[in-house]
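Structure data (mmCIF, C-alpha atoms and all ligand atoms) from work.cif:
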data_structure
loop_
_atom_site.label_atom_id
_atom_site.label_comp_id
_atom_site.auth_asym_id
_atom_site.auth_seq_id
_atom_site.Cartn_x
_atom_site.Cartn_y
_atom_site.Cartn_z
CA MET A 647 0.00 0.00 0.00
CA ASN A 648 1.22 3.49 -0.83
CA PRO A 649 2.47 5.24 2.35
CA LEU A 650 0.22 8.22 1.57
CA ALA A 651 -2.80 5.89 1.62
CA SER A 652 -1.63 4.38 4.93
CA HIS A 653 -1.29 7.85 6.41
CA LEU A 654 -4.85 8.80 5.35
CA ASN A 655 -6.12 5.49 6.74
CA GLU A 656 -4.47 6.27 10.09
CA LEU A 657 -6.11 9.69 10.21
CA ILE A 658 -9.53 8.24 9.38
CA GLU A 659 -9.17 5.33 11.80
CA GLU A 660 -8.10 7.64 14.60
CA ALA A 661 -11.09 9.95 14.08
CA ASN A 662 -13.65 7.20 13.47
CA PRO A 663 -12.59 3.52 13.22
CA ARG A 664 -16.08 2.58 11.96
CA VAL A 665 -15.75 4.79 8.92
CA PHE A 666 -12.37 3.25 8.26
CA GLU A 667 -14.05 -0.19 8.29
CA MET A 668 -16.64 1.06 5.80
CA LEU A 669 -14.06 1.99 3.13
CA SER A 670 -13.88 -0.45 0.24
CA ASP A 671 -10.63 -2.19 -0.58
CA ILE A 672 -10.06 0.42 -3.30
CA GLY A 673 -11.03 3.14 -0.81
CA LYS A 674 -8.41 1.95 1.66
CA ASN A 675 -5.78 2.04 -1.08
CA LEU A 676 -6.72 5.47 -2.42
CA PHE A 677 -4.58 8.55 -1.79
CA PHE A 678 -4.00 11.87 -3.44
CA PRO A 679 -0.71 11.64 -5.36
CA LYS A 680 2.08 14.08 -4.62
CA GLY A 681 3.99 13.65 -7.89
CA ILE A 682 3.34 16.07 -10.70
CA LEU A 683 0.30 17.74 -9.15
CA SER A 684 1.89 18.82 -5.91
CA GLN A 685 5.19 19.72 -7.57
CA SER A 686 3.35 22.02 -9.96
CA ALA A 687 1.32 23.47 -7.09
CA GLU A 688 4.63 24.30 -5.36
CA ALA A 689 6.04 25.70 -8.59
CA LYS A 690 2.94 27.86 -9.05
CA GLU A 691 3.79 29.55 -5.78
CA LYS A 692 7.57 29.74 -6.05
CA ALA A 693 8.74 29.40 -9.67
CA HIS A 694 8.58 33.12 -10.50
CA ARG A 695 11.14 32.94 -13.27
CA LEU A 696 10.33 29.89 -15.33
CA ASN A 697 7.65 27.32 -14.59
CA ALA A 698 7.88 24.25 -16.80
CA THR A 699 5.92 21.79 -14.71
CA ILE A 700 2.37 21.22 -15.88
CA GLY A 701 1.21 19.59 -19.11
CA ILE A 702 -0.44 22.56 -20.73
CA ALA A 703 0.99 24.89 -23.38
CA LYS A 704 1.68 28.56 -22.73
CA GLU A 705 2.53 31.58 -24.80
CA LYS A 706 3.63 34.96 -23.43
CA GLY A 707 2.72 33.84 -19.92
CA ARG A 708 -0.85 32.89 -20.83
CA PRO A 709 -2.49 29.65 -21.94
CA MET A 710 -1.91 28.94 -25.63
CA VAL A 711 -5.29 29.19 -27.35
CA LEU A 712 -6.90 28.80 -30.74
CA GLN A 713 -8.97 31.83 -31.61
CA SER A 714 -11.62 29.53 -33.09
CA ILE A 715 -12.06 28.01 -29.62
CA VAL A 716 -12.08 31.18 -27.53
CA ASP A 717 -14.49 32.83 -29.96
CA SER A 718 -17.20 30.59 -28.48
CA ILE A 719 -16.39 31.42 -24.86
CA THR A 720 -17.29 34.95 -23.97
CA GLY A 721 -16.99 36.34 -20.47
CA ILE A 722 -14.70 33.62 -19.13
CA MET A 723 -10.92 33.90 -19.49
CA PRO A 724 -8.88 30.98 -20.91
CA GLU A 725 -7.25 30.72 -17.45
CA GLU A 726 -10.71 29.98 -16.02
CA SER A 727 -11.95 27.71 -18.75
CA LEU A 728 -9.31 25.99 -20.87
CA THR A 729 -6.65 25.10 -18.30
CA TYR A 730 -7.03 22.10 -16.00
CA ALA A 731 -9.16 22.40 -12.88
CA PRO A 732 -7.84 20.66 -9.74
CA SER A 733 -8.99 17.05 -9.27
CA TYR A 734 -10.85 18.24 -6.17
CA GLY A 735 -12.66 20.85 -8.24
CA LEU A 736 -12.29 24.63 -8.17
CA PRO A 737 -11.70 25.71 -4.56
CA GLU A 738 -14.10 28.69 -4.88
CA LEU A 739 -16.84 26.52 -6.35
CA ARG A 740 -16.41 23.94 -3.59
CA SER A 741 -16.81 26.52 -0.87
CA VAL A 742 -19.68 28.35 -2.60
CA TRP A 743 -21.48 25.00 -3.02
CA ARG A 744 -20.90 24.15 0.65
CA ASP A 745 -22.19 27.57 1.75
CA ALA A 746 -25.27 26.96 -0.41
CA LEU A 747 -25.70 23.53 1.18
CA PHE A 748 -25.97 25.18 4.63
CA LYS A 749 -28.33 27.82 3.29
CA LYS A 750 -30.59 25.24 1.62
CA ASN A 751 -30.53 23.04 4.75
CA PRO A 752 -30.80 25.46 7.68
CA SER A 753 -30.98 22.69 10.29
CA MET A 754 -27.38 21.79 9.37
CA GLU A 755 -26.13 24.94 11.06
CA GLY A 756 -23.11 24.36 13.25
CA ARG A 757 -22.51 20.82 12.03
CA ALA A 758 -19.25 19.80 10.36
CA VAL A 759 -19.27 18.36 6.87
CA SER A 760 -16.50 17.93 4.33
CA LEU A 761 -15.87 20.34 1.52
CA PRO A 762 -17.66 18.95 -1.54
CA VAL A 763 -15.40 17.23 -4.08
CA VAL A 764 -16.38 17.99 -7.67
CA THR A 765 -17.43 15.13 -9.95
CA ASN A 766 -18.32 14.97 -13.60
CA GLY A 767 -22.05 15.10 -12.93
CA ILE A 768 -23.92 13.04 -10.37
CA THR A 769 -23.62 9.75 -12.26
CA HIS A 770 -19.86 10.07 -11.91
CA GLY A 771 -20.41 11.01 -8.26
CA ILE A 772 -22.23 7.72 -7.70
CA SER A 773 -19.47 5.86 -9.49
CA VAL A 774 -16.73 7.55 -7.44
CA PHE A 775 -18.75 6.95 -4.29
CA ALA A 776 -18.96 3.27 -5.22
CA ASP A 777 -15.21 3.03 -5.84
CA VAL A 778 -14.45 4.46 -2.42
CA TRP A 779 -17.12 2.68 -0.36
CA ILE A 780 -18.46 -0.43 -2.15
CA ASP A 781 -16.76 -3.83 -2.36
CA PRO A 782 -18.04 -6.66 -4.56
CA GLY A 783 -20.82 -8.45 -2.69
CA ASP A 784 -21.75 -5.43 -0.53
CA VAL A 785 -25.49 -5.03 -0.06
CA VAL A 786 -27.16 -1.83 -1.25
CA LEU A 787 -30.80 -1.23 -0.26
CA LEU A 788 -33.02 0.55 -2.76
CA PRO A 789 -36.78 0.81 -3.25
CA ASP A 790 -38.46 -1.30 -5.94
CA MET A 791 -38.96 1.80 -8.09
CA MET A 792 -35.53 3.30 -8.75
CA TRP A 793 -33.37 5.01 -11.35
CA GLY A 794 -32.16 2.22 -13.65
CA ASN A 795 -28.60 3.49 -13.84
CA TYR A 796 -28.01 2.49 -10.19
CA ASN A 797 -28.05 -1.05 -11.47
CA MET A 798 -25.36 -0.31 -14.07
CA ILE A 799 -23.10 1.57 -11.66
CA LEU A 800 -23.51 -0.48 -8.49
CA SER A 801 -24.41 -3.94 -9.64
CA VAL A 802 -22.88 -4.37 -13.12
CA ARG A 803 -19.73 -2.33 -12.57
CA LYS A 804 -19.09 -2.78 -8.84
CA LYS A 805 -20.72 -6.18 -8.29
CA ALA A 806 -22.74 -4.91 -5.34
CA VAL A 807 -25.91 -6.82 -4.45
CA ILE A 808 -28.96 -4.59 -4.81
CA ARG A 809 -31.81 -5.55 -2.46
CA GLN A 810 -35.12 -3.84 -3.08
CA TYR A 811 -37.96 -3.02 -0.70
CA ASN A 812 -41.51 -1.94 -1.40
CA LEU A 813 -41.63 1.83 -2.05
CA PHE A 814 -45.24 2.82 -1.36
CA THR A 815 -47.76 1.83 1.30
CA GLU A 816 -51.38 1.19 0.31
CA ASP A 817 -52.34 4.68 1.41
CA GLY A 818 -49.70 6.33 -0.72
CA GLY A 819 -46.90 7.03 1.75
CA TYR A 820 -43.26 5.92 1.83
CA ASP A 821 -43.09 2.35 3.09
CA VAL A 822 -40.71 3.02 5.98
CA ASP A 823 -41.66 -0.31 7.54
CA ALA A 824 -40.53 -2.15 4.40
CA LEU A 825 -37.22 -0.29 4.52
CA ALA A 826 -36.87 -1.09 8.24
CA GLU A 827 -37.66 -4.76 7.69
CA SER A 828 -35.23 -5.07 4.82
CA LEU A 829 -32.56 -3.29 6.84
CA ARG A 830 -33.17 -5.53 9.85
CA HIS A 831 -32.78 -8.60 7.67
CA GLU A 832 -29.56 -7.38 6.00
CA ALA A 833 -28.08 -6.05 9.25
CA ALA A 834 -28.49 -9.49 10.81
CA ILE A 835 -26.22 -11.05 8.18
CA ASN A 836 -23.88 -8.20 7.17
CA ASP A 837 -21.46 -6.01 9.14
CA LYS A 838 -21.98 -3.17 6.70
CA VAL A 839 -25.04 -2.14 4.71
CA THR A 840 -25.39 0.69 2.21
CA VAL A 841 -28.73 2.48 1.89
CA LEU A 842 -29.35 4.70 -1.12
CA LEU A 843 -32.02 7.36 -0.66
CA ASN A 844 -33.18 9.49 -3.57
CA PHE A 845 -35.52 12.44 -2.97
CA PRO A 846 -37.14 13.80 -5.10
CA GLN A 847 -37.30 10.33 -6.53
CA ASN A 848 -36.73 9.11 -10.04
CA PRO A 849 -39.02 7.69 -11.42
CA SER A 850 -41.95 8.34 -9.04
CA GLY A 851 -41.44 12.05 -8.31
CA TYR A 852 -41.99 11.35 -4.61
CA THR A 853 -40.30 13.08 -1.69
CA VAL A 854 -40.92 11.90 1.85
CA THR A 855 -42.93 13.95 4.32
CA GLU A 856 -41.16 15.55 7.29
CA GLU A 857 -42.55 12.78 9.47
CA GLU A 858 -41.43 9.97 7.14
CA ALA A 859 -37.96 11.54 7.01
CA GLU A 860 -37.75 11.48 10.81
CA ARG A 861 -38.86 7.86 10.89
CA ILE A 862 -36.29 6.88 8.26
CA ALA A 863 -33.56 8.72 10.17
CA ASP A 864 -34.60 6.94 13.38
CA VAL A 865 -34.61 3.52 11.71
CA LEU A 866 -31.13 4.12 10.27
CA THR A 867 -29.77 5.48 13.54
CA GLY A 868 -31.26 2.53 15.44
CA THR A 869 -29.54 0.07 13.12
CA ALA A 870 -26.23 1.88 13.59
CA GLN A 871 -26.73 1.86 17.36
CA ASP A 872 -27.30 -1.90 17.23
CA GLY A 873 -23.84 -2.34 15.73
CA THR A 874 -24.12 -2.33 11.92
CA ASN A 875 -21.93 0.02 9.89
CA LEU A 876 -24.25 2.04 7.65
CA VAL A 877 -23.28 4.01 4.60
CA VAL A 878 -26.28 6.15 3.71
CA VAL A 879 -25.95 7.81 0.36
CA CYS A 880 -28.39 10.58 -0.55
CA ASP A 881 -28.85 11.17 -4.25
CA ASP A 882 -30.18 14.73 -4.23
CA ALA A 883 -30.12 15.19 -8.00
CA TYR A 884 -33.53 16.95 -7.99
CA PHE A 885 -32.96 18.88 -4.78
CA GLY A 886 -35.18 21.90 -4.21
CA LEU A 887 -37.97 20.87 -6.58
CA VAL A 888 -40.57 20.10 -3.90
CA TYR A 889 -44.05 21.39 -4.72
CA GLU A 890 -46.27 20.66 -1.72
CA ASN A 891 -46.46 21.62 1.95
CA GLY A 892 -45.49 19.16 4.66
CA ILE A 893 -42.93 17.54 2.37
CA LEU A 894 -39.26 17.44 3.36
CA ARG A 895 -37.64 20.60 1.98
CA GLU A 896 -34.14 19.88 3.23
CA SER A 897 -31.99 16.98 2.14
CA ILE A 898 -32.45 13.88 4.27
CA PHE A 899 -28.65 14.16 4.63
CA SER A 900 -29.36 16.92 7.17
CA ARG A 901 -31.29 14.42 9.31
CA LEU A 902 -28.38 11.96 9.34
CA VAL A 903 -25.15 13.89 9.83
CA GLY A 904 -23.68 13.38 13.29
CA ARG A 905 -26.38 10.91 14.44
CA HIS A 906 -24.01 8.01 15.16
CA GLU A 907 -20.38 7.03 14.66
CA ARG A 908 -21.48 3.99 12.62
CA LEU A 909 -23.59 6.12 10.29
CA LEU A 910 -21.70 7.76 7.45
CA ALA A 911 -23.90 10.12 5.41
CA VAL A 912 -22.82 10.87 1.85
CA LYS A 913 -24.50 13.58 -0.19
CA LEU A 914 -24.44 13.45 -3.96
CA ASP A 915 -25.82 16.50 -5.71
CA GLY A 916 -25.02 18.83 -8.53
CA ALA A 917 -25.94 21.63 -10.84
CA THR A 918 -27.30 19.19 -13.44
CA LYS A 919 -31.02 19.26 -12.63
CA GLU A 920 -31.11 21.99 -9.98
CA ASP A 921 -29.64 24.58 -12.32
CA TYR A 922 -30.88 23.07 -15.60
CA VAL A 923 -27.38 22.41 -16.97
CA TRP A 924 -27.57 18.71 -17.81
CA GLY A 925 -24.67 18.74 -20.26
CA LEU A 926 -22.24 20.78 -18.17
CA ARG A 927 -21.55 17.77 -15.91
CA VAL A 928 -20.95 19.42 -12.54
CA GLY A 929 -21.68 17.25 -9.49
CA PHE A 930 -20.44 17.04 -5.90
CA ILE A 931 -19.74 14.49 -3.16
CA THR A 932 -19.97 15.68 0.45
CA TYR A 933 -19.43 13.65 3.63
CA GLY A 934 -20.99 14.04 7.05
CA CYS A 935 -20.25 11.85 10.07
CA GLU A 936 -19.28 11.88 13.72
CA ALA A 937 -15.52 12.24 14.06
CA GLY A 938 -13.33 12.40 17.13
CA GLY A 939 -10.53 14.96 17.38
CA ASP A 940 -10.32 17.63 14.72
CA PRO A 941 -13.02 16.89 12.10
CA ALA A 942 -11.08 18.99 9.59
CA LEU A 943 -8.30 16.36 9.49
CA PHE A 944 -10.81 13.52 9.09
CA TYR A 945 -12.69 15.23 6.28
CA ASP A 946 -9.46 16.27 4.60
CA ALA A 947 -8.44 12.59 4.52
CA LEU A 948 -11.80 11.58 2.98
CA GLU A 949 -11.55 14.40 0.45
CA ARG A 950 -8.02 13.32 -0.50
CA LYS A 951 -9.13 9.75 -1.11
CA THR A 952 -12.14 10.92 -3.11
CA ALA A 953 -10.12 13.41 -5.18
CA GLY A 954 -7.49 10.69 -5.69
CA CYS A 955 -10.26 8.52 -7.10
CA VAL A 956 -11.30 11.33 -9.47
CA ARG A 957 -7.64 11.78 -10.44
CA GLY A 958 -7.36 8.11 -11.37
CA ASN A 959 -10.59 8.14 -13.30
CA ILE A 960 -11.26 11.36 -15.24
CA SER A 961 -8.38 13.36 -13.74
CA ASN A 962 -10.58 16.42 -13.30
CA ALA A 963 -13.98 17.77 -14.30
CA SER A 964 -14.43 20.48 -16.94
CA HIS A 965 -12.89 23.79 -15.85
CA LEU A 966 -15.20 25.69 -18.21
CA SER A 967 -18.31 24.06 -16.75
CA GLN A 968 -17.22 24.71 -13.17
CA SER A 969 -16.49 28.36 -13.96
CA ILE A 970 -19.90 28.80 -15.59
CA VAL A 971 -21.68 27.35 -12.55
CA LEU A 972 -19.56 29.40 -10.13
CA LYS A 973 -20.24 32.59 -12.04
CA ALA A 974 -23.97 31.87 -12.10
CA MET A 975 -24.07 31.17 -8.36
CA ARG A 976 -22.43 34.52 -7.72
CA ASP A 977 -24.87 36.34 -9.98
CA PRO A 978 -27.21 38.51 -7.86
CA ASP A 979 -30.11 37.35 -10.04
CA TYR A 980 -29.37 33.60 -9.66
CA GLU A 981 -31.89 32.93 -6.86
CA ALA A 982 -34.66 34.87 -8.58
CA GLN A 983 -34.07 32.99 -11.83
CA LYS A 984 -34.20 29.66 -10.03
CA LYS A 985 -37.42 30.65 -8.28
CA GLU A 986 -39.01 31.51 -11.61
CA LYS A 987 -38.20 28.09 -13.09
CA TYR A 988 -39.27 26.36 -9.89
CA GLU A 989 -42.68 28.03 -10.15
CA LEU A 990 -43.01 26.84 -13.73
CA MET A 991 -42.28 23.26 -12.70
CA ARG A 992 -44.61 23.50 -9.71
CA ARG A 993 -47.48 24.70 -11.90
CA ARG A 994 -46.96 21.75 -14.26
CA ALA A 995 -47.12 19.29 -11.37
CA GLU A 996 -50.28 20.99 -10.08
CA LYS A 997 -51.86 20.85 -13.51
CA ILE A 998 -51.16 17.13 -13.77
CA LYS A 999 -52.85 16.55 -10.42
CA ALA A 1000 -55.87 18.57 -11.52
CA VAL A 1001 -56.16 16.76 -14.87
CA LEU A 1002 -55.70 13.30 -13.36
CA ALA A 1003 -58.41 13.92 -10.75
CA ASP A 1004 -60.91 13.24 -13.55
CA GLU A 1005 -62.72 9.94 -12.92
CA LYS A 1006 -62.55 9.04 -16.60
CA TYR A 1007 -58.98 7.78 -16.18
CA ALA A 1008 -59.72 5.59 -13.17
CA SER A 1009 -60.48 2.41 -15.10
CA ALA A 1010 -57.27 2.74 -17.13
CA TRP A 1011 -54.64 3.51 -14.47
CA ASP A 1012 -53.72 4.45 -10.92
CA VAL A 1013 -51.48 7.40 -10.25
CA TYR A 1014 -48.42 6.81 -8.08
CA PRO A 1015 -47.90 9.41 -5.34
CA PHE A 1016 -45.82 12.39 -6.49
CA ASN A 1017 -45.08 15.82 -5.06
CA SER A 1018 -41.68 16.85 -6.45
CA GLY A 1019 -38.93 16.55 -9.04
CA TYR A 1020 -39.16 16.05 -12.79
CA PHE A 1021 -41.35 12.94 -13.09
CA MET A 1022 -44.57 11.15 -12.20
CA CYS A 1023 -45.75 7.60 -12.93
CA ILE A 1024 -49.00 5.82 -13.67
CA ARG A 1025 -49.76 2.14 -13.14
CA LEU A 1026 -51.75 0.68 -16.03
CA LYS A 1027 -54.60 -1.64 -15.16
CA THR A 1028 -55.49 -3.26 -18.45
CA VAL A 1029 -52.66 -3.11 -20.99
CA ASP A 1030 -48.93 -3.83 -21.11
CA ALA A 1031 -46.77 -0.73 -20.60
CA GLU A 1032 -44.26 -1.45 -23.35
CA ARG A 1033 -47.01 -2.30 -25.86
CA LEU A 1034 -48.76 0.95 -25.03
CA ARG A 1035 -45.52 2.92 -25.27
CA ILE A 1036 -44.86 1.64 -28.78
CA HIS A 1037 -48.49 2.21 -29.77
CA LEU A 1038 -48.43 5.82 -28.50
CA LEU A 1039 -45.24 6.45 -30.40
CA ASP A 1040 -46.38 4.89 -33.66
CA GLU A 1041 -49.98 6.05 -33.71
CA TYR A 1042 -49.93 9.35 -31.83
CA GLY A 1043 -46.32 10.55 -31.94
CA VAL A 1044 -46.20 10.64 -28.13
CA GLY A 1045 -43.11 9.44 -26.23
CA LEU A 1046 -43.20 8.13 -22.66
CA ILE A 1047 -41.02 5.71 -20.72
CA ALA A 1048 -42.28 2.19 -19.99
CA LEU A 1049 -41.00 0.67 -16.73
CA GLY A 1050 -41.75 -3.01 -16.24
CA GLU A 1051 -45.10 -4.43 -17.28
CA THR A 1052 -47.43 -1.88 -15.76
CA ASP A 1053 -45.74 1.48 -15.27
CA LEU A 1054 -45.37 4.51 -17.51
CA ARG A 1055 -43.17 7.44 -16.53
CA VAL A 1056 -44.09 10.96 -17.59
CA ALA A 1057 -41.36 13.63 -17.50
CA PHE A 1058 -43.48 16.71 -16.81
CA SER A 1059 -40.21 18.63 -16.70
CA CYS A 1060 -40.41 18.79 -20.48
CA LEU A 1061 -44.17 19.17 -20.83
CA GLU A 1062 -45.85 22.57 -21.22
CA GLU A 1063 -48.76 23.14 -18.86
CA ASP A 1064 -51.09 23.52 -21.84
CA ASP A 1065 -50.17 20.09 -23.19
CA VAL A 1066 -50.95 18.14 -20.02
CA GLN A 1067 -54.64 17.49 -20.74
CA ALA A 1068 -53.93 16.46 -24.32
CA LEU A 1069 -51.17 14.09 -23.24
CA PHE A 1070 -53.29 12.12 -20.80
CA ASP A 1071 -56.24 12.04 -23.18
CA ILE A 1072 -53.97 10.53 -25.81
CA VAL A 1073 -52.66 7.96 -23.32
CA LEU A 1074 -56.27 7.06 -22.48
CA ALA A 1075 -57.16 6.78 -26.18
CA GLY A 1076 -54.13 4.52 -26.65
CA VAL A 1077 -55.25 2.29 -23.76
CA ARG A 1078 -58.74 2.01 -25.25
CA ASP A 1079 -57.28 1.11 -28.68
CA LEU A 1080 -55.31 -1.75 -27.18
CA GLU A 1081 -58.14 -2.97 -24.99
CA GLY A 1082 -59.91 -3.55 -28.29
C1 LIG B 1 -31.83 10.00 -9.44
C2 LIG B 1 -30.82 10.48 -10.41
N1 LIG B 1 -29.53 10.60 -10.01
C3 LIG B 1 -28.59 11.01 -10.86
C4 LIG B 1 -28.88 11.36 -12.15
C5 LIG B 1 -27.78 11.76 -13.08
O1 LIG B 1 -27.34 13.05 -12.93
P1 LIG B 1 -26.14 13.58 -13.83
O2 LIG B 1 -26.73 13.94 -15.16
O3 LIG B 1 -25.61 14.76 -13.08
O4 LIG B 1 -25.14 12.51 -13.96
C6 LIG B 1 -30.18 11.25 -12.62
C7 LIG B 1 -30.49 11.57 -14.01
O5 LIG B 1 -31.40 11.18 -14.63
C8 LIG B 1 -31.17 10.80 -11.72
O6 LIG B 1 -32.44 10.67 -12.11
#
Encoded form (structure tokens):
Amino acid sequence: MNPLASHLNELIEEANPRVFEMLSDIGKNLFFPKGILSQSAEAKEKAHRLNATIGIAKEKGRPMVLQSIVDSITGIMPEESLTYAPSYGLPELRSVWRDALFKKNPSMEGRAVSLPVVTNGITHGISVFADVWIDPGDVVLLPDMMWGNYNMILSVRKKAVIRQYNLFTEDGGYDVDALAESLRHEAAINDKVTVLLNFPQNPSGYTVTEEEAERIADVLTGTAQDGTNLVVVCDDAYFGLVYENGILRESIFSRLVGRHERLLAVKLDGATKEDYVWGLRVGFITYGCEAGGDPALFYDALERKTAGCVRGNISNASHLSQSIVLKAMRDPDYEAQKKEKYELMRRRAEKIKAVLADEKYASAWDVYPFNSGYFMCIRLKTVDAERLRIHLLDEYGVGLIALGETDLRVAFSCLEEDDVQALFDIVLAGVRDLEG
């Protein structure tokens, strides 16, 4: 093992031996390399005369550029867009994102979390998370409706075992008992269990109520207290898009940080969906856990391992993208612009609820509970979902996502309010066609 990795392991083990146990084999071996990166960082500070360290090209003291490239980038200097960003991400962006995390989650005040490490979007965040914390055979608990890519990242690539529990109770709430039962079962046979929580949820568009969030946090804390190491990873891709009262507005991460030494909370979020910049690929990983001694040293060690993982994977995320997001977050109009788009999304969700209240749809489908995010789902009663999907495409030019035999997912994020009624009427017509 590299001595730098051993040193980080010692720091982590000293602050919280349980978290050290939770690291995957790769995680234990990860470190942030000194080599070229730290030598160039030193040179940046001290090599005032000639600095020939880093693998970029320069001309007259500035990055070498092609005019045809910079012509497309207005308002951001080549130094802030075309050069490499650090593997950790831009320091200013990391601290602005962390400040925003505290602002968006006021109950976090006074609690220590790591600085976010930048990833290439949230998918990459999940993948980096899995490298650092998941060994082959580790159990990951997920609800039976989930984003399909978890399977690719966790099961196919990392060989984790995904165990699913029932998502919704009969009366349309989160099935916390099913989660608790599944957790109890896995905790009895595993020293470590990973629980992935995703609110607002893909595909259902559900976010837990305040009360359900408390119950989930209590169940998780109880399991940790009983001696199981728990890695709880919160995929907050759709954070902030909650449209109803009584629903959890903060991240469930805020209910978990500092609850128990055996409970490591990991927050994955990003600008992707929150700031409507899907192609920029800016995501973040943030850690929160009890740590003895100076938490700064503990978090620094986790950040080093995580950034080392990024370094060995994509090296670093797009400097241009990070600068665009940073600039936007510093724009005095940023919050107002976000509010405006939030209202647009909220009105679409409301419109769907109003349209689907019509009894005429009741014989064709049930509506899954939804109150947030980009999506909602219906459960078909009489026809096969994939058959209907193809039929709607071929006969009506309407595209929806079929999930399993009965479910259709509607992305109202890309549906104008005025098209909602027409969409569901077409789906109903399609169902009637197939019923014959
Ligand atoms: C729950 C969830 N997490 C993560 C992502 C991916 O986010 P990104 O585009 O930042 O990789 C998605 C995208 O569909 C998602 O639905």
Contact residues around Leu894 of chain A with all atoms listed in the file at 8 Å, ignoring same-chain residues under 6 positions, as a list in words | Thr853, Val854, Thr855, Glu856, Ala859 and Val888 of chain A
Include C-alpha atoms and write out the residues we just selected as an mmCIF file, in the frame of the given file.
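Output (part.cif):
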data_model
loop_
_atom_site.group_PDB
_atom_site.id
_atom_site.type_symbol
_atom_site.label_atom_id
_atom_site.label_comp_id
_atom_site.auth_asym_id
_atom_site.auth_seq_id
_atom_site.Cartn_x
_atom_site.Cartn_y
_atom_site.Cartn_z
ATOM 1 C CA THR A 853 -40.300 13.080 -1.690
ATOM 2 C CA VAL A 854 -40.920 11.900 1.850
ATOM 3 C CA THR A 855 -42.930 13.950 4.320
ATOM 4 C CA GLU A 856 -41.160 15.550 7.290
ATOM 5 C CA ALA A 859 -37.960 11.540 7.010
ATOM 6 C CA VAL A 888 -40.570 20.100 -3.900
#
Residue nearest ligand LIG 1 (chain B) - candidates A:Lys973, A:Lys919, A:Arg1055, A:Arg950, atoms counted: all atoms listed in the file | A:Lys919
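Going from atom CA of Leu813 of chain A to atom CA of Arg901 of chain A covers 19.9 Å.
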Using all atoms listed in the file, find each protein or nucleic acid residue lying at most 10 Å from ligand LIG 1 (chain B); present the set as a PyMOL selection string.
-> chain A and resi 765-773+792-796+843-849+851+880-884+914-920+923-930+1019-1021
Within 9 Å of segment 653-675 of chain A, which residues of segment 931-1002 of chain A show up? Give each one with its shortest atom-to-atom distance in Å (one decimal) and the two atoms involved, counting all atoms listed in the file, rows by chain then rising residue number, as a Markdown table.
| residue | atom | partner | partner_atom | distance |
| --- | --- | --- | --- | --- |
| A:Cys935 | CA | A:Val665 | CA | 8.5 |
| A:Glu936 | CA | A:Asn662 | CA | 7.3 |
| A:Ala937 | CA | A:Ala661 | CA | 5.0 |
| A:Gly938 | CA | A:Ala661 | CA | 4.5 |
| A:Gly939 | CA | A:Ala661 | CA | 6.0 |
| A:Asp940 | CA | A:Ala661 | CA | 7.7 |
| A:Pro941 | CA | A:Ala661 | CA | 7.5 |
| A:Leu943 | CA | A:Leu657 | CA | 7.1 |
| A:Phe944 | CA | A:Ile658 | CA | 5.4 |
| A:Tyr945 | CA | A:Ile658 | CA | 8.3 |
| A:Asp946 | CA | A:Leu654 | CA | 8.8 |
| A:Ala947 | CA | A:Leu654 | CA | 5.3 |
| A:Leu948 | CA | A:Ile658 | CA | 7.6 |
| A:Arg950 | CA | A:Leu654 | CA | 8.0 |
| A:Lys951 | CA | A:Gly673 | CA | 6.9 |
| A:Thr952 | CA | A:Gly673 | CA | 8.2 |
| A:Cys955 | CA | A:Gly673 | CA | 8.3 |
Output as JSON the centre and edge lengths (Å, one decimal) of the box along x, y and z of the file that holds every listed atom of segment 767-781 of chain A after adding 5 Å on each side.
{"center_x": -19.2, "center_y": 5.6, "center_z": -6.6, "size_x": 19.5, "size_y": 28.9, "size_z": 22.6}
Between atom CA of Asp837 of chain A and atom CA of Lys805 of chain A, what is the spacing in Å?
-> 17.4 Å
Near segment 742-753 of chain A, counting all atoms listed in the file, which residues have an atom at most 12 Å away, once you skip same-chain residues fewer than 6 positions from it, shown as a ChimeraX atom specification?
-> /A:735-736,759-764,882,885-887,894-903,913-917,928-934,968-969,971-976,981
For each of A:Met798, A:Met791, A:Val774, A:Ala833, take the minimum atom-to-atom distance to Leu1049 of chain A, counting all atoms listed in the file, then give the residue where this is smallest.
->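 Of the candidates, the smallest distance to Leu1049 of chain A is held by A:Met791.
Minimum atom-to-atom distances from A:Ala776, A:Ala963, A:Leu787, A:Ala1008 to Thr729 of chain A were compared using only C-alpha atoms, and the lowest value belongs to A:Ala963.
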Coordinates-based distance that separates atom CA of Val878 of chain A from atom CA of Asn836 of chain A (Å, one decimal) |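 Computing it gives 15.0 Å between the two atoms.
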Nearby residues (all atoms listed in the file) at most 10 Å from Gly701 of chain A, same-chain spacing under 4 positions excluded, as a count of residues only | 4
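Nearest to Gly1043 of chain A of all the residues A:Arg830, A:Gly904, A:Arg803, A:Ile1072 is A:Ile1072, based on all atoms listed in the file.
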